[in-house]
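Coordinates from target15.txt are shown below (compact mmCIF, C-alpha atoms).
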```
# COMPACT_ATOMS: atom_id res chain seq x y z
CA MET O 1 -172.66 -30.41 -39.28
CA GLU O 2 -173.77 -32.56 -42.21
CA ASN O 3 -174.75 -29.48 -44.26
CA THR O 4 -171.30 -27.96 -43.75
CA SER O 5 -169.48 -31.12 -44.86
CA THR O 6 -171.75 -31.47 -47.92
CA VAL O 7 -171.13 -27.83 -48.92
CA THR O 8 -167.38 -28.29 -48.44
CA LEU O 9 -167.41 -31.49 -50.47
CA LEU O 10 -169.35 -29.81 -53.32
CA ALA O 11 -167.03 -26.78 -53.29
CA GLY O 12 -163.97 -29.01 -53.41
CA GLY O 13 -165.45 -31.08 -56.25
CA SER O 14 -166.28 -27.90 -58.19
CA LEU O 15 -162.75 -26.63 -57.69
CA ILE O 16 -161.24 -29.90 -58.92
CA LEU O 17 -163.54 -30.00 -61.99
CA GLY O 18 -162.69 -26.36 -62.75
CA LEU O 19 -158.95 -27.12 -62.60
CA ILE O 20 -159.41 -30.13 -64.90
CA ALA O 21 -161.40 -28.03 -67.39
CA ALA O 22 -158.73 -25.28 -67.34
CA GLY O 23 -156.00 -27.88 -67.86
CA LEU O 24 -157.82 -29.40 -70.83
CA PHE O 25 -158.37 -25.93 -72.32
CA PHE O 26 -154.66 -25.06 -72.11
CA TYR O 27 -153.68 -28.49 -73.45
CA PHE O 28 -155.86 -28.06 -76.56
CA MET O 29 -154.71 -24.49 -77.11
CA LEU O 30 -151.05 -25.52 -76.99
CA SER O 31 -151.62 -28.49 -79.31
CA GLN O 32 -153.32 -26.20 -81.87
CA ARG O 33 -150.43 -23.75 -81.70
CA ARG O 34 -147.96 -26.56 -82.29
CA LYS O 35 -149.93 -27.74 -85.32
CA ARG O 36 -150.03 -24.21 -86.74
CA SER O 37 -146.31 -23.67 -86.23
CA LYS O 38 -145.53 -27.01 -87.92
CA LYS O 39 -147.75 -26.10 -90.91
CA GLU O 40 -146.14 -22.67 -91.23
CA SER O 41 -142.58 -23.92 -90.98
CA ALA O 42 -142.93 -27.07 -93.13
CA PRO O 43 -143.93 -25.42 -96.46
CA VAL O 44 -141.15 -22.84 -96.12
CA GLU O 45 -138.44 -25.50 -95.80
CA GLN O 46 -139.68 -27.99 -98.41
CA PRO O 47 -140.10 -25.69 -101.44
CA ALA O 48 -136.59 -24.29 -100.91
CA ALA O 49 -135.09 -27.79 -101.18
CA ASN O 50 -137.32 -28.81 -104.12
CA ALA O 51 -136.85 -25.53 -105.97
CA THR O 52 -133.17 -26.25 -106.61
CA LEU O 53 -133.96 -29.73 -107.94
CA GLU O 54 -136.70 -29.01 -110.51
CA PRO O 55 -137.16 -25.32 -111.37
CA ALA O 56 -137.16 -25.52 -115.17
CA PRO O 57 -139.72 -28.24 -116.01
CA LYS O 58 -142.45 -26.88 -113.75
CA ALA O 59 -142.14 -23.21 -114.75
CA PRO O 60 -143.77 -23.33 -118.24
CA PRO O 61 -147.03 -25.05 -117.14
CA ALA O 62 -147.40 -22.53 -114.31
CA ALA O 63 -146.96 -19.68 -116.79
CA LYS O 64 -149.74 -21.10 -118.99
CA ASP O 65 -152.11 -21.47 -116.04
CA GLU O 66 -151.17 -18.12 -114.51
CA PRO O 67 -153.51 -15.88 -116.58
CA LYS O 68 -156.48 -17.99 -115.51
CA THR O 69 -155.75 -17.82 -111.79
CA SER O 70 -154.02 -14.45 -111.41
CA PHE O 71 -157.13 -12.34 -111.98
CA LYS O 72 -158.48 -10.74 -108.84
CA GLN O 73 -161.55 -9.69 -110.78
CA HIS O 74 -162.87 -10.21 -114.29
CA SER O 75 -164.29 -7.21 -116.08
CA LEU O 76 -166.14 -6.60 -119.32
CA PHE O 77 -167.41 -3.29 -120.64
CA VAL O 78 -170.44 -2.50 -122.79
CA VAL O 79 -170.16 0.95 -124.37
CA PHE O 80 -173.46 2.12 -125.83
CA ASP O 81 -173.33 3.23 -129.48
CA ASN O 82 -176.21 5.71 -129.16
CA PRO O 83 -176.78 6.67 -125.51
CA SER O 84 -180.11 8.40 -124.97
CA PRO O 85 -182.93 8.63 -122.42
CA ASP O 86 -184.51 5.63 -124.19
CA THR O 87 -181.32 3.61 -123.68
CA THR O 88 -181.32 4.53 -120.00
CA GLN O 89 -184.93 3.37 -119.72
CA GLN O 90 -183.98 0.10 -121.45
CA LEU O 91 -181.12 -0.26 -118.98
CA THR O 92 -183.49 0.28 -116.05
CA ASP O 93 -185.88 -2.36 -117.40
CA TRP O 94 -183.00 -4.78 -118.03
CA LEU O 95 -181.64 -4.31 -114.50
CA ARG O 96 -185.07 -5.20 -113.12
CA GLN O 97 -185.27 -8.21 -115.43
CA VAL O 98 -181.93 -9.63 -114.23
CA GLU O 99 -182.97 -8.97 -110.60
CA ALA O 100 -180.22 -6.43 -109.93
CA LYS O 101 -180.15 -4.83 -106.48
CA TYR O 102 -178.88 -1.28 -106.04
CA ASP O 103 -176.27 -0.67 -103.33
CA PRO O 104 -176.51 2.98 -102.24
CA LEU O 105 -173.17 2.84 -100.39
CA THR O 106 -171.03 1.78 -103.34
CA LYS O 107 -173.46 3.16 -105.96
CA VAL O 108 -173.43 0.01 -108.10
CA TYR O 109 -175.86 -2.81 -108.88
CA HIS O 110 -175.39 -6.44 -107.85
CA VAL O 111 -176.89 -9.36 -109.79
CA PRO O 112 -177.09 -12.52 -107.64
CA GLY O 113 -176.91 -14.95 -110.59
CA LYS O 114 -176.11 -18.56 -109.63
CA GLN O 115 -173.97 -17.65 -106.61
CA PRO O 116 -175.41 -14.78 -104.56
CA SER O 117 -172.31 -14.83 -102.34
CA ASN O 118 -170.28 -13.72 -105.37
CA PRO O 119 -172.62 -11.39 -107.29
CA VAL O 120 -171.95 -9.81 -110.67
CA THR O 121 -171.40 -6.09 -110.14
CA ILE O 122 -172.72 -3.61 -112.69
CA ALA O 123 -171.18 -0.14 -112.55
CA ASN O 124 -170.76 2.85 -114.83
CA ALA O 125 -168.18 2.18 -117.55
CA PHE O 126 -166.92 5.73 -117.24
CA LEU O 127 -165.30 7.42 -114.27
CA PRO O 128 -166.02 7.63 -111.42
CA GLY O 129 -167.77 4.29 -112.00
CA GLU O 130 -170.82 5.13 -109.91
CA MET O 131 -174.31 4.41 -111.17
CA PRO O 132 -177.37 6.44 -110.22
CA ASP O 133 -180.30 4.60 -108.67
CA LEU O 134 -182.26 4.20 -111.90
CA PHE O 135 -185.10 2.45 -110.09
CA ARG O 136 -185.92 5.73 -108.33
CA ASP O 137 -184.84 8.26 -110.93
CA SER O 138 -184.19 7.34 -114.55
CA ASN O 139 -183.48 10.93 -115.64
CA HIS O 140 -179.78 10.18 -116.07
CA GLU O 141 -177.85 9.39 -119.19
CA VAL O 142 -175.65 6.32 -118.92
CA LYS O 143 -173.17 5.87 -121.78
CA GLY O 144 -171.98 2.39 -120.89
CA ILE O 145 -171.71 -0.20 -118.16
CA SER O 146 -168.95 -2.33 -116.73
CA LEU O 147 -169.60 -5.82 -115.42
CA LEU O 148 -167.29 -7.16 -112.73
CA VAL O 149 -167.02 -10.49 -110.94
CA LYS O 150 -164.44 -12.29 -108.81
CA PRO O 151 -163.22 -15.59 -110.23
CA PRO O 152 -164.15 -18.73 -108.29
CA LEU O 153 -161.62 -20.42 -106.04
CA HIS O 154 -162.42 -23.79 -107.64
CA LYS O 155 -163.00 -24.40 -111.36
CA ARG O 156 -166.05 -26.53 -110.69
CA ARG O 157 -167.79 -23.45 -109.28
CA ASN O 158 -167.66 -21.44 -112.51
CA GLN O 159 -171.45 -21.21 -113.01
CA GLN O 160 -171.26 -17.54 -112.04
CA MET O 161 -168.64 -16.94 -114.76
CA ILE O 162 -171.10 -18.33 -117.32
CA VAL O 163 -173.79 -15.98 -115.97
CA PHE O 164 -171.28 -13.11 -116.12
CA VAL O 165 -170.43 -13.70 -119.79
CA ASP O 166 -174.11 -14.22 -120.71
CA LEU O 167 -175.08 -10.95 -119.02
CA ALA O 168 -172.36 -9.06 -120.89
CA LYS O 169 -173.38 -10.53 -124.26
CA GLN O 170 -177.04 -9.84 -123.51
CA ALA O 171 -176.30 -6.21 -122.59
CA ALA O 172 -174.23 -5.67 -125.74
CA GLU O 173 -177.08 -7.02 -127.88
CA ILE O 174 -179.88 -5.09 -126.13
CA PHE O 175 -178.04 -1.75 -126.05
CA GLN O 176 -176.35 -2.22 -129.44
CA GLY O 177 -173.01 -1.49 -127.85
CA GLN O 178 -169.42 -2.58 -128.13
CA LEU O 179 -168.39 -5.41 -125.80
CA LEU O 180 -164.84 -4.77 -124.60
CA ASP O 181 -162.45 -6.76 -122.42
CA ALA O 182 -160.50 -5.47 -119.41
CA ASP O 183 -157.95 -3.79 -121.70
CA ARG O 184 -160.75 -2.06 -123.63
CA ASN O 185 -160.17 -4.24 -126.68
CA PRO O 186 -163.11 -5.96 -128.43
CA ALA O 187 -164.02 -9.12 -126.52
CA THR O 188 -163.56 -12.39 -128.42
CA ASP O 189 -164.33 -16.06 -127.89
CA ASN O 190 -160.85 -16.38 -126.34
CA THR O 191 -161.82 -13.69 -123.81
CA TYR O 192 -164.94 -15.61 -122.82
CA GLN O 193 -163.08 -18.93 -122.66
CA ARG O 194 -160.42 -17.41 -120.41
CA ILE O 195 -163.12 -16.11 -118.06
CA ILE O 196 -165.21 -19.29 -117.99
CA GLY O 197 -162.12 -21.50 -117.74
```

In structure tokens, what does this structure look like?
Amino acid sequence: MENTSTVTLLAGGSLILGLIAAGLFFYFMLSQRRKRSKKESAPVEQPAANATLEPAPKAPPAAKDEPKTSFKQHSLFVVFDNPSPDTTQQLTDWLRQVEAKYDPLTKVYHVPGKQPSNPVTIANAFLPGEMPDLFRDSNHEVKGISLLVKPPLHKRRNQQMIVFVDLAKQAAEIFQGQLLDADRNPATDNTYQRIIG
């Protein structure tokens, strides 16, 4: 008799605790949904009211800052002046020196630099942009390389942009090539400043 009442008491207690836990779960889920819906609806209403009050004064500063933040990816190109098997061997040695890792899926190299989560990508400067695995077979002729990197979300994290520019300058010097910007114009100090920020 006592065992049956103890089992019943434990089962009832478990049921009550389970219902309380389920209630708390639903309460927190609903409160998070309310917070999300308030966040989504609030920014939509406020800018519409403010936009009619002050559109002109704020537009010019945004236009000046826009080139710095609108880039999805920075790119620089190094076109070799005299491509040859020796240049390809130099490229292979340089890739090892900068600790580049070959990605066989995308057929490009990644240099970890200061932020391995956002590596500098080194690809072929000419279409289709794929690089051969020079660590395994350096019997290819590469005529130029492109260096690509995503800009940081925060300006204080621009160490990788400094690495990116340094790598491009280093490659242009080693391979005696032309350093070009994204539009294939010669890169200048303004180009580097825009990238570094």

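The nearest approach to O:Phe135 among the residues O:Val165, O:Leu91, O:Leu147, O:Leu153, with all atoms listed in the file taken into account, belongs to O:Leu91.
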
Contacts of O:Asp181 within 12 Å, all atoms listed in the file, excl. fewer than 4 positions in-chain, as a PyMOL selection string: chain O and resi 74-79+125+146-148+165+168-169+185-192+194-195

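Atom pair atom CA of O:Gln176 / atom CA of O:Lys72 has a distance of 28.6 Å (rounded to one decimal).
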
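Here atom CA of O:Thr87 stands at a distance of 6.7 Å from atom CA of O:Phe175.
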
Using all atoms listed in the file for the distances, tell me which of O:Gly23, O:Pro116, O:Leu167, O:Val142 is nearest to O:Gln97. O:Leu167

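Relative to atom CA of O:Leu19, atom CA of O:Arg34 is found at 22.6 Å.
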
Using only C-alpha atoms, which residues sit within 12 Å of O:Gln90 once same-chain residues fewer than 2 positions away are excluded, as number ranges by chain? O: 80, 83-88, 92-97, 134-135, 138, 141-142, 171, 173-176
